[in-house]
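Structure data follow from start-v2.cif (mmCIF, C-alpha atoms):
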data_query
loop_
_atom_site.label_atom_id
_atom_site.label_comp_id
_atom_site.auth_asym_id
_atom_site.auth_seq_id
_atom_site.Cartn_x
_atom_site.Cartn_y
_atom_site.Cartn_z
CA ARG A 1 -53.17 22.68 -28.88
CA ARG A 2 -54.11 19.53 -27.04
CA PRO A 3 -53.14 19.47 -23.40
CA ALA A 4 -50.05 17.41 -22.95
CA VAL A 5 -50.41 14.17 -21.03
CA PRO A 6 -47.99 14.19 -18.10
CA VAL A 7 -45.23 11.74 -18.84
CA SER A 8 -41.96 10.94 -17.26
CA ALA A 9 -40.22 12.89 -20.00
CA ALA A 10 -41.20 16.54 -19.80
CA VAL A 11 -40.88 18.06 -23.22
CA ALA A 12 -41.62 21.73 -23.89
CA ALA A 13 -44.73 22.20 -25.97
CA PRO A 14 -43.98 23.45 -29.47
CA PRO A 15 -45.70 26.62 -30.56
CA ASP A 16 -47.53 24.94 -33.38
CA GLY A 17 -48.23 21.36 -34.19
CA SER A 18 -49.77 18.90 -31.81
CA MET A 19 -48.52 17.03 -28.82
CA SER A 20 -49.39 13.40 -28.44
CA ASN A 21 -48.20 11.93 -25.21
CA GLY A 22 -44.87 13.57 -25.22
CA VAL A 23 -44.04 13.04 -28.87
CA TYR A 24 -44.08 16.08 -31.01
CA VAL A 25 -46.15 15.51 -34.12
CA PRO A 26 -45.49 18.03 -36.88
CA PRO A 27 -48.54 19.27 -38.76
CA ALA A 28 -48.99 16.82 -41.57
CA ALA A 29 -49.48 18.08 -45.08
CA ASN A 30 -51.79 15.29 -46.11
CA GLY A 31 -53.20 14.80 -42.68
CA ASP A 32 -52.75 11.06 -42.74
CA VAL A 33 -49.46 10.88 -41.02
CA LYS A 34 -49.71 9.19 -37.72
CA PRO A 35 -46.81 9.03 -35.32
CA VAL A 36 -45.01 5.78 -35.89
CA VAL A 37 -43.46 5.76 -32.52
CA SER A 38 -45.62 6.64 -29.61
CA THR A 39 -44.46 6.20 -26.09
CA THR A 40 -47.87 5.60 -24.61
CA PRO A 41 -47.70 1.87 -24.22
CA LEU A 42 -44.20 2.09 -22.95
CA VAL A 43 -45.06 4.69 -20.39
CA ASP A 44 -47.71 2.43 -18.98
CA PHE A 45 -45.41 -0.49 -19.39
CA LEU A 46 -42.76 1.25 -17.44
CA MET A 47 -45.10 1.58 -14.50
CA GLN A 48 -45.81 -2.14 -14.64
CA LEU A 49 -42.17 -2.93 -14.99
CA GLU A 50 -41.63 -2.99 -11.30
CA ASP A 51 -43.52 -6.26 -11.12
CA TYR A 52 -41.49 -8.03 -13.73
CA THR A 53 -37.89 -8.58 -12.89
CA PRO A 54 -35.82 -9.15 -15.99
CA THR A 55 -33.39 -12.01 -16.09
CA ILE A 56 -30.36 -9.77 -16.13
CA PRO A 57 -29.78 -8.31 -12.67
CA ASP A 58 -29.93 -4.55 -12.42
CA ALA A 59 -26.42 -4.36 -11.07
CA VAL A 60 -24.92 -6.00 -14.13
CA THR A 61 -26.83 -3.91 -16.64
CA GLY A 62 -26.10 -0.80 -14.64
CA TYR A 63 -22.41 -1.68 -14.63
CA TYR A 64 -22.22 -1.92 -18.39
CA LEU A 65 -24.30 1.20 -18.87
CA ASN A 66 -22.05 3.12 -16.54
CA ARG A 67 -19.05 2.03 -18.51
CA ALA A 68 -20.66 3.54 -21.57
CA GLY A 69 -21.36 6.80 -19.77
CA PHE A 70 -25.04 6.28 -19.15
CA GLU A 71 -26.06 7.27 -15.66
CA ALA A 72 -29.57 6.12 -15.01
CA SER A 73 -31.75 8.18 -12.79
CA ASP A 74 -34.66 5.77 -12.82
CA PRO A 75 -34.05 2.07 -12.08
CA ARG A 76 -36.97 1.20 -14.33
CA ILE A 77 -35.03 2.54 -17.29
CA ILE A 78 -32.33 -0.01 -16.51
CA ARG A 79 -34.90 -2.77 -16.46
CA LEU A 80 -36.21 -1.64 -19.78
CA ILE A 81 -32.79 -1.80 -21.33
CA SER A 82 -32.06 -5.21 -19.89
CA LEU A 83 -35.35 -6.47 -21.25
CA ALA A 84 -34.49 -5.11 -24.67
CA ALA A 85 -31.14 -6.87 -24.60
CA GLN A 86 -32.76 -10.10 -23.48
CA LYS A 87 -35.29 -9.96 -26.24
CA PHE A 88 -32.53 -9.34 -28.74
CA ILE A 89 -30.71 -12.47 -27.69
CA SER A 90 -33.78 -14.64 -27.42
CA ASP A 91 -34.88 -13.61 -30.90
CA ILE A 92 -31.54 -14.78 -32.22
CA ALA A 93 -31.82 -17.96 -30.18
CA ASN A 94 -35.27 -18.69 -31.58
CA ASP A 95 -34.02 -18.18 -35.10
CA ALA A 96 -31.16 -20.55 -34.43
CA LEU A 97 -33.62 -23.06 -33.04
CA GLN A 98 -35.64 -22.84 -36.23
CA HIS A 99 -32.52 -23.55 -38.23
CA CYS A 100 -31.70 -26.48 -36.01
CA LYS A 101 -35.18 -27.93 -36.39
CA MET A 102 -35.14 -27.41 -40.10
CA LYS A 103 -31.90 -29.32 -40.45
CA GLY A 104 -33.22 -32.08 -38.27
CA THR A 105 -36.46 -32.71 -40.12
CA ALA A 106 -35.18 -31.86 -43.57
CA SER A 107 -34.00 -35.41 -44.11
CA GLY A 108 -37.54 -36.63 -43.54
CA SER A 109 -37.31 -38.50 -40.26
CA SER A 110 -40.48 -40.12 -39.05
CA ARG A 111 -42.93 -37.97 -37.20
CA SER A 112 -43.88 -40.66 -34.73
CA LYS A 113 -40.62 -40.41 -33.05
CA SER A 114 -40.77 -36.71 -32.49
CA LYS A 115 -37.49 -35.04 -33.00
CA ASP A 116 -35.33 -35.65 -30.01
CA LYS A 117 -35.77 -32.81 -27.63
CA LYS A 118 -32.09 -32.32 -27.24
CA TYR A 119 -31.25 -29.34 -29.33
CA THR A 120 -27.71 -28.17 -29.18
CA LEU A 121 -26.80 -24.71 -30.26
CA THR A 122 -23.88 -24.95 -32.60
CA MET A 123 -22.02 -22.36 -34.58
CA GLU A 124 -23.46 -23.85 -37.76
CA ASP A 125 -26.93 -22.87 -36.61
CA LEU A 126 -25.92 -19.58 -35.12
CA THR A 127 -24.09 -18.28 -38.17
CA PRO A 128 -27.06 -18.14 -40.57
CA ALA A 129 -29.30 -16.81 -37.78
CA LEU A 130 -26.90 -13.97 -37.18
CA ALA A 131 -26.42 -13.40 -40.89
CA GLU A 132 -30.07 -12.40 -41.12
CA TYR A 133 -29.33 -9.66 -38.64
CA GLY A 134 -26.33 -8.54 -40.59
CA ILE A 135 -23.80 -9.91 -38.16
CA ASN A 136 -21.18 -12.05 -39.79
CA VAL A 137 -19.30 -14.45 -37.58
CA LYS A 138 -16.58 -16.63 -38.95
CA LYS A 139 -15.06 -19.43 -36.99
CA PRO A 140 -11.35 -19.62 -37.39
CA HIS A 141 -9.99 -22.68 -39.11
CA TYR A 142 -8.06 -24.64 -36.56
CA PHE A 143 -4.79 -25.91 -37.78
CA THR A 144 -4.07 -29.41 -36.58
CA ARG B 145 -13.70 -4.68 -24.92
CA ALA B 146 -11.94 -8.00 -24.84
CA GLY B 147 -13.13 -10.70 -22.53
CA SER B 148 -9.64 -12.00 -21.83
CA LYS B 149 -8.79 -13.57 -18.51
CA GLN B 150 -7.08 -11.05 -16.27
CA ALA B 151 -5.95 -12.05 -12.86
CA GLY B 152 -5.39 -9.76 -9.95
CA THR B 153 -6.85 -6.35 -9.49
CA PRO B 154 -10.29 -5.98 -7.90
CA ALA B 155 -11.46 -4.06 -10.96
CA ASP B 156 -10.65 -7.02 -13.16
CA ASN B 157 -12.40 -9.43 -10.85
CA TYR B 158 -15.36 -7.10 -10.81
CA HIS B 159 -15.48 -7.09 -14.59
CA LEU B 160 -15.04 -10.82 -14.78
CA ALA B 161 -17.82 -11.51 -12.30
CA ARG B 162 -20.25 -9.46 -14.29
CA ARG B 163 -19.26 -11.08 -17.50
CA ARG B 164 -19.86 -14.46 -15.99
CA THR B 165 -23.28 -13.32 -14.91
CA LEU B 166 -24.03 -12.32 -18.46
CA GLN B 167 -22.96 -15.75 -19.58
CA VAL B 168 -25.36 -17.31 -17.13
CA VAL B 169 -28.09 -15.03 -18.42
CA VAL B 170 -27.40 -16.05 -21.99
CA SER B 171 -27.50 -19.69 -21.01
CA SER B 172 -30.84 -19.24 -19.30
CA LEU B 173 -32.23 -17.49 -22.35
CA LEU B 174 -31.09 -20.36 -24.52
CA THR B 175 -32.72 -22.81 -22.16
CA GLU B 176 -35.93 -20.81 -22.37
CA ALA B 177 -35.76 -20.99 -26.15
CA GLY B 178 -35.59 -24.77 -25.99
CA PHE B 179 -31.94 -25.66 -26.29
CA GLU B 180 -30.55 -28.36 -24.06
CA SER B 181 -26.94 -27.64 -24.62
CA ALA B 182 -24.80 -25.28 -26.59
CA GLU B 183 -21.33 -24.98 -28.00
CA LYS B 184 -18.91 -22.96 -25.92
CA ALA B 185 -18.08 -20.75 -28.87
CA ALA B 186 -21.74 -20.03 -29.48
CA VAL B 187 -22.33 -19.03 -25.86
CA GLU B 188 -19.25 -16.82 -25.92
CA THR B 189 -20.44 -15.19 -29.11
CA LEU B 190 -23.82 -14.42 -27.64
CA THR B 191 -22.29 -13.15 -24.44
CA GLU B 192 -20.06 -10.79 -26.33
CA MET B 193 -23.05 -9.66 -28.35
CA ILE B 194 -25.23 -8.94 -25.37
CA GLN B 195 -22.45 -7.04 -23.66
CA SER B 196 -21.81 -4.82 -26.62
CA TYR B 197 -25.55 -4.41 -27.17
CA ILE B 198 -26.04 -3.04 -23.69
CA SER B 199 -23.01 -0.80 -24.01
CA GLU B 200 -24.19 0.48 -27.35
CA ILE B 201 -27.66 1.28 -26.01
CA GLY B 202 -26.08 3.19 -23.16
CA ARG B 203 -23.72 5.13 -25.38
CA SER B 204 -26.31 5.94 -27.98
CA ALA B 205 -28.97 6.95 -25.46
CA LYS B 206 -26.48 9.23 -23.78
CA SER B 207 -25.61 10.80 -27.10
CA TYR B 208 -29.24 11.45 -27.93
CA CYS B 209 -29.80 12.91 -24.54
CA GLU B 210 -26.84 15.24 -24.82
CA HIS B 211 -27.90 16.15 -28.32
CA THR B 212 -30.91 17.89 -26.83
CA ALA B 213 -28.82 19.71 -24.24
CA ARG B 214 -29.81 17.52 -21.36
CA THR B 215 -27.75 15.39 -19.02
CA GLN B 216 -30.31 12.93 -17.68
CA PRO B 217 -31.39 10.33 -20.19
CA THR B 218 -35.11 9.72 -20.36
CA LEU B 219 -37.47 7.18 -21.77
CA SER B 220 -37.69 8.96 -25.11
CA ASP B 221 -33.95 8.80 -25.56
CA ILE B 222 -33.98 5.08 -25.06
CA VAL B 223 -36.92 4.57 -27.37
CA VAL B 224 -35.20 6.50 -30.10
CA THR B 225 -32.02 4.53 -29.51
CA LEU B 226 -33.80 1.21 -29.78
CA VAL B 227 -35.52 2.29 -32.92
CA GLU B 228 -32.22 3.33 -34.41
CA MET B 229 -30.73 -0.06 -33.57
CA GLY B 230 -33.50 -1.83 -35.41
CA PHE B 231 -35.39 -3.01 -32.39
CA ASN B 232 -39.16 -3.31 -32.55
CA VAL B 233 -40.25 -1.47 -29.47
CA GLU B 234 -43.87 -2.44 -29.58
CA THR B 235 -43.17 -6.09 -29.05
CA LEU B 236 -41.42 -5.39 -25.80
CA PRO B 237 -44.38 -5.48 -23.43
CA ALA B 238 -45.53 -8.77 -24.91
CA TYR B 239 -42.10 -10.21 -24.38
CA ALA B 240 -41.95 -9.08 -20.82
CA LYS B 241 -45.02 -11.03 -19.91
CA ARG B 242 -43.82 -14.35 -21.25
CA SER B 243 -44.32 -17.24 -19.00
CA GLN B 244 -41.03 -18.99 -18.56
CA ARG B 245 -39.12 -16.18 -17.00
CA MET B 246 -36.02 -16.89 -15.03
CA VAL B 247 -34.30 -14.64 -12.62
CA ILE B 248 -30.57 -14.67 -12.05
CA THR B 249 -29.04 -13.54 -8.81
CA ALA B 250 -26.74 -10.59 -8.97
CA PRO B 251 -23.01 -11.06 -8.44
CA PRO B 252 -21.82 -10.36 -4.90
CA VAL B 253 -20.68 -6.87 -4.11
CA THR B 254 -17.21 -6.75 -2.60
CA ASN B 255 -16.21 -3.74 -0.58
CA GLN B 256 -13.06 -1.89 -1.35
CA PRO B 257 -10.20 -3.12 0.77
CA VAL B 258 -9.82 -0.77 3.69
CA THR B 259 -6.47 -0.43 5.42
CA PRO B 260 -7.01 -2.10 8.77
CA LYS B 261 -7.03 0.18 11.76
CA ALA B 262 -4.14 -1.67 13.29
CA LEU B 263 -1.76 -0.54 10.57
CA THR B 264 -2.59 3.14 10.53
CA ALA B 265 -0.46 5.23 12.80
CA GLY B 266 -0.99 8.84 13.58
CA GLN B 267 -3.38 11.34 12.12
CA ASN B 268 -3.44 11.82 8.39
CA LYS B 269 -2.98 15.37 7.27
CA PRO B 270 -6.27 16.87 6.13
CA HIS B 271 -6.64 18.03 2.54
CA PRO B 272 -5.63 21.58 1.82
CA SER B 273 -8.34 23.68 0.25
CA HIS B 274 -7.22 23.26 -3.35
CA ILE B 275 -7.70 19.49 -3.32
CA PRO B 276 -11.25 18.18 -3.89
CA GLY B 277 -12.77 16.03 -1.26
CA HIS B 278 -13.17 12.86 -3.30
CA PHE B 279 -9.44 12.47 -3.78
CA PRO B 280 -7.75 9.82 -1.67
CA GLU B 281 -6.42 10.83 1.67
CA PHE B 282 -2.85 11.68 2.48
CA PRO B 283 -0.76 8.71 3.60
CA ASP B 284 0.14 8.17 7.20
CA PRO B 285 2.58 10.76 8.50
CA HIS B 286 5.23 8.19 9.29
CA THR B 287 5.75 7.62 5.60
CA TYR B 288 7.18 11.05 4.96
CA ILE B 289 8.20 12.46 8.34
CA LYS B 290 11.37 11.28 9.96
CA THR B 291 12.10 12.08 13.60
CA PRO B 292 15.50 10.78 14.53
CA THR B 293 15.70 9.69 18.11
CA TYR B 294 18.80 10.16 20.17
CA ARG B 295 19.38 8.29 23.31
CA GLU B 296 20.78 10.57 25.94
CA PRO B 297 24.39 9.59 26.48
CA VAL B 298 25.27 8.25 29.89
CA SER B 299 26.82 11.02 31.89
CA ASP B 300 27.04 9.32 35.23
CA TYR B 301 30.46 9.99 36.66
CA GLN B 302 30.96 6.57 38.11
CA VAL B 303 29.98 4.78 34.94
CA LEU B 304 32.23 6.98 32.88
CA ARG B 305 35.20 6.45 35.14
CA GLU B 306 34.69 2.73 35.06
CA LYS B 307 34.44 2.78 31.31
CA ALA B 308 37.58 4.85 30.95
CA ALA B 309 39.50 2.62 33.31
CA SER B 310 38.45 -0.62 31.63
CA GLN B 311 39.19 0.86 28.25
CA ARG B 312 42.68 1.82 29.30
CA ARG B 313 43.31 -1.57 30.76
CA ASP B 314 42.15 -3.25 27.58
CA VAL B 315 44.36 -1.03 25.48
CA GLU B 316 47.40 -1.82 27.58
CA ARG B 317 46.74 -5.50 27.49
CA ALA B 318 46.18 -5.51 23.77
CA LEU B 319 49.32 -3.57 23.13
CA THR B 320 51.53 -5.80 25.25
CA ARG B 321 50.04 -8.90 23.69
CA PHE B 322 50.69 -7.46 20.29
CA MET B 323 54.30 -6.77 21.19
CA ALA B 324 54.65 -10.29 22.52
CA LYS B 325 53.22 -11.84 19.40
CA THR B 326 55.25 -9.84 16.95
CA GLY B 327 58.51 -9.59 18.83
CA GLU B 328 60.71 -11.91 20.75
CA THR B 329 59.32 -13.40 23.91
CA GLN B 330 60.65 -15.02 27.02
CA SER B 331 58.48 -17.38 28.95
CA LEU B 332 58.05 -17.71 32.66
CA PHE B 333 57.48 -21.46 32.65
CA LYS B 334 59.79 -23.93 31.22
CA ASP B 335 57.29 -26.04 29.36
CA ASP B 336 54.53 -23.68 28.52
CA VAL B 337 55.67 -21.04 26.10
CA SER B 338 52.49 -19.41 24.94
CA THR B 339 50.49 -18.87 28.09
CA PHE B 340 52.30 -16.06 29.81
CA PRO B 341 54.74 -14.62 27.34
CA LEU B 342 56.98 -11.83 28.44
CA ILE B 343 58.35 -9.38 26.01
CA ALA B 344 61.96 -10.26 25.67
CA ALA B 345 64.47 -7.88 27.11
CA ARG B 346 67.10 -6.72 24.74
CA PRO B 347 70.24 -6.22 26.70
CA PHE B 348 72.56 -3.53 25.51
CA THR B 349 76.21 -4.18 25.06
CA VAL B 350 76.93 -1.20 27.23
CA PRO B 351 73.96 -1.21 29.59
CA TYR B 352 74.84 1.86 31.53
CA LEU B 353 75.19 4.02 28.45
CA THR B 354 71.60 5.15 28.43
CA ALA B 355 71.90 6.15 32.03
CA LEU B 356 74.91 8.30 31.36
CA LEU B 357 73.87 10.03 28.16
CA PRO B 358 70.90 12.36 28.48
CA SER B 359 68.30 11.63 25.84
CA GLU B 360 67.00 14.25 23.49
CA LEU B 361 63.87 14.58 25.49
CA GLU B 362 65.54 15.09 28.76
CA MET B 363 67.77 17.74 27.24
CA GLN B 364 64.83 19.75 26.08
CA GLN B 365 63.14 19.37 29.37
CA MET B 366 66.15 20.56 31.15
CA GLU B 367 66.21 23.64 28.98
CA GLU B 368 62.58 24.37 29.50
CA THR B 369 62.52 23.83 33.17
CA ASP B 370 65.19 26.45 33.35
CA SER B 371 62.86 29.01 31.94
CA SER B 372 59.46 27.80 33.18
CA GLU B 373 58.00 26.22 36.26
CA GLN B 374 58.83 22.76 37.51
CA ASP B 375 55.33 21.30 38.00
CA GLU B 376 55.43 18.74 35.27
CA GLN B 377 58.76 17.17 36.09
CA PRO B 378 57.51 14.59 38.62
CA ASP B 379 54.86 13.55 36.14
CA THR B 380 57.31 12.86 33.37
CA GLU B 381 59.52 10.82 35.64
CA ASN B 382 56.74 8.64 36.96
CA LEU B 383 55.01 7.89 33.73
CA PRO B 384 57.84 6.03 31.96
CA LEU B 385 58.02 3.66 34.91
CA HIS B 386 54.32 2.99 34.53
CA MET B 387 54.64 1.79 30.96
CA GLY B 388 55.61 -1.73 29.93
CA THR B 389 57.61 -4.37 31.74
CA ASP B 390 61.04 -4.01 30.26
CA ASP B 391 63.86 -1.62 29.59
CA SER B 392 63.53 -1.51 25.86
CA GLY B 393 64.93 1.81 24.80
CA THR B 394 62.73 2.44 21.84
CA GLU B 395 59.59 1.79 23.68
CA LYS B 396 60.57 4.03 26.51
CA GLU B 397 61.38 6.78 24.12
CA ASN B 398 58.05 6.43 22.35
CA ALA B 399 56.27 6.49 25.63
CA SER B 400 58.17 9.49 26.77
CA VAL B 401 57.39 11.29 23.58
CA LEU B 402 53.72 10.58 24.07
CA GLN B 403 53.80 11.91 27.57
CA GLN B 404 55.78 14.92 26.58
CA ASN B 405 52.94 15.92 24.31
CA SER B 406 50.57 16.28 27.16
CA SER B 407 53.08 17.78 29.54
CA LEU B 408 54.48 20.30 27.14
CA ALA B 409 51.03 21.42 26.22
CA GLY B 410 50.52 22.24 29.84
CA SER B 411 53.88 23.83 30.40
CA ARG B 412 53.66 26.33 27.63
CA ASN B 413 50.42 27.93 28.68
CA GLY B 414 52.04 31.22 29.24
CA GLU B 415 53.82 31.41 25.89
CA GLU B 416 52.12 32.93 22.95
CA ASN B 417 52.97 30.89 19.88
CA VAL B 418 52.07 27.40 21.05
CA ILE B 419 52.95 24.55 18.74
CA ASP B 420 51.54 21.37 20.21
CA ASN B 421 52.89 19.02 17.64
CA PRO B 422 56.46 18.10 18.52
CA TYR B 423 57.22 17.21 14.93
CA LEU B 424 56.56 20.75 13.83
CA ARG B 425 58.81 22.40 16.32
CA PRO B 426 62.13 23.70 15.07
CA VAL B 427 65.00 21.34 15.64
CA LYS B 428 66.98 22.03 18.75
CA LYS B 429 70.49 20.91 18.85
CA PRO B 430 71.67 19.55 22.14
CA LYS B 431 74.06 21.66 24.02
CA ILE B 432 77.06 19.65 24.84
CA ARG B 433 77.92 20.21 28.40
CA ARG B 434 81.13 19.04 29.65
CA LYS B 435 80.85 17.60 33.09
CA LYS B 436 83.77 17.09 35.24
#

What does this structure look like when you write it as structure tokens?
Amino acid sequence: RRPAVPVSAAVAAPPDGSMSNGVYVPPAANGDVKPVVSTTPLVDFLMQLEDYTPTIPDAVTGYYLNRAGFEASDPRIIRLISLAAQKFISDIANDALQHCKMKGTASGSSRSKSKDKKYTLTMEDLTPALAEYGINVKKPHYFT
Amino acid sequence: RAGSKQAGTPADNYHLARRRTLQVVVSSLLTEAGFESAEKAAVETLTEMIQSYISEIGRSAKSYCEHTARTQPTLSDIVVTLVEMGFNVETLPAYAKRSQRMVITAPPVTNQPVTPKALTAGQNKPHPSHIPGHFPEFPDPHTYIKTPTYREPVSDYQVLREKAASQRRDVERALTRFMAKTGETQSLFKDDVSTFPLIAARPFTVPYLTALLPSELEMQQMEETDSSEQDEQPDTENLPLHMGTDDSGTEKENASVLQQNSSLAGSRNGEENVIDNPYLRPVKKPKIRRKK
């Protein structure tokens, strides 16, 4: 049994199998199985997290987590979650930007005049971007 | 969780403030991505998404944590949650170090409204032992305790006598005025009728008749003074003269009846079956005495 690396999550060592940084790895039959998820980088990352302040304030994230029943003992956990949420939204935003750029240059406008920098996020760009994530949004038809 | 506009309670304002902060965050993320402007509906959509994303992470991490018989969520719980939600955890550190980071200020924290000291009165009752400490306090004692206050009545002899005397004077005046207004009046002055009205005298056709015939009252008194003491007789003679300003027979009789109440009550102290009310006494027929 390898000695367990001290991590923030203390997990009891299983009787057989190996421990790798807090993640229990069952003995592999073919021996080639590597743990897909290892918390090593995140553990280190968590220590560095105090330097980076995420865009979402801790109070706001903590408020929504408390509403869901999640009481955080470590403020760095809250920062991690807010970072994850931020990344989620910015991924979607980047995808929408790609859509917007594609529509702009699809008609073959001249490259000399680089596409005007004013990109506006519209629902027409957001809908296909979200559809790739499996989220279907439908704008209601407005009756005039 | 609907993001509808709710006005009023501090909890709603609290919720609204945080939602607005999320909207600002979403807008800053969009700006980072390269957008100059965005549709309102798109921003609202993303805000709703980020809010439910955070809530879902919280709920799911808590569930995983409780699944392993723990109460404090840890890093592993969150990692597992993110993986379950389809989030690539390994890209997170790279994202955190991106260059164009923006920081949003947190919404202001408002304290709970405290009842101002000036309005509290008295000591609140402390919690009995069966009530946990985090429950709100009992209200001020004046809300459920009533102490009626009585002002001590004035028992000064002089003040009481003055009050009694003025009251009697007012009663007499009111009564005579009432008689003057409802009955016939004679006036002192020739021209002015209403200023000093006098109750009109009603002359009898045979004026001396009342003097000759003893009234019912006097008959009874004569009978009683035969058997009892004679203390009350001067009182009953003086009091009819005190009343009114005329010789109206009915009024005199009423007055005499009123005084007889008080005098008879005194005169029958020695007798056993006392009936104070003259109307309840058995009828006494007058004895006709022949005088020569």

Run the PyMOL selection byres ((chain B) within 8 of (chain A)) on the file and write out the hits as number ranges by chain.
B: 162, 165-166, 169-170, 173-174, 177-183, 185-186, 190, 194-195, 197-203, 205-206, 216-220, 222-223, 231, 234, 236-237, 239-241, 245-251

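In this structure, atom CA of Ser172 of chain B sits 27.0 Å away from atom CA of Ser204 of chain B.
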
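Across the model, the gap from atom CA of Gly230 of chain B to atom CA of Glu132 of chain A is 12.5 Å.
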
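The list of residues with at least one atom within 10 Å of Thr212 of chain B, based on only C-alpha atoms and without residues fewer than 4 positions apart in the same chain, reads Ser207, Tyr208 and Asp221 of chain B.
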
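For the atom pair formed by atom CA of Gln167 of chain B and atom CA of Thr191 of chain B, the distance is 5.6 Å, given to one decimal.
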
Nearest to Phe340 of chain B: which of B:Arg321, B:Arg425, B:His274, B:Thr175 is it, counting only C-alpha atoms?
B:Arg321

Using the file's own x, y and z axes, what box holds all listed atoms of segment 301-318 of chain B with 4 Å on each side, keeping edges along x, y and z, and what are its centre and edge lengths in Å to one decimal, as JSON?
{"center_x": 38.7, "center_y": 2.2, "center_z": 30.9, "size_x": 25.4, "size_y": 23.5, "size_z": 22.3}

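Proximity of A:Pro75, A:Met47, A:Pro140, A:Ala129 to Gln98 of chain A, computed with all atoms listed in the file, is greatest for A:Ala129.
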
Taking 6 positions as the minimum chain separation for residues in the same chain, which residues sit within 12 Å of Glu328 of chain B when counting all atoms listed in the file? Answer as a list in words.
Thr320, Arg321, Phe322, Val337, Ser338, Pro341, Leu342, Ile343, Ala344, Ala345, Arg346 and Ser392 of chain B
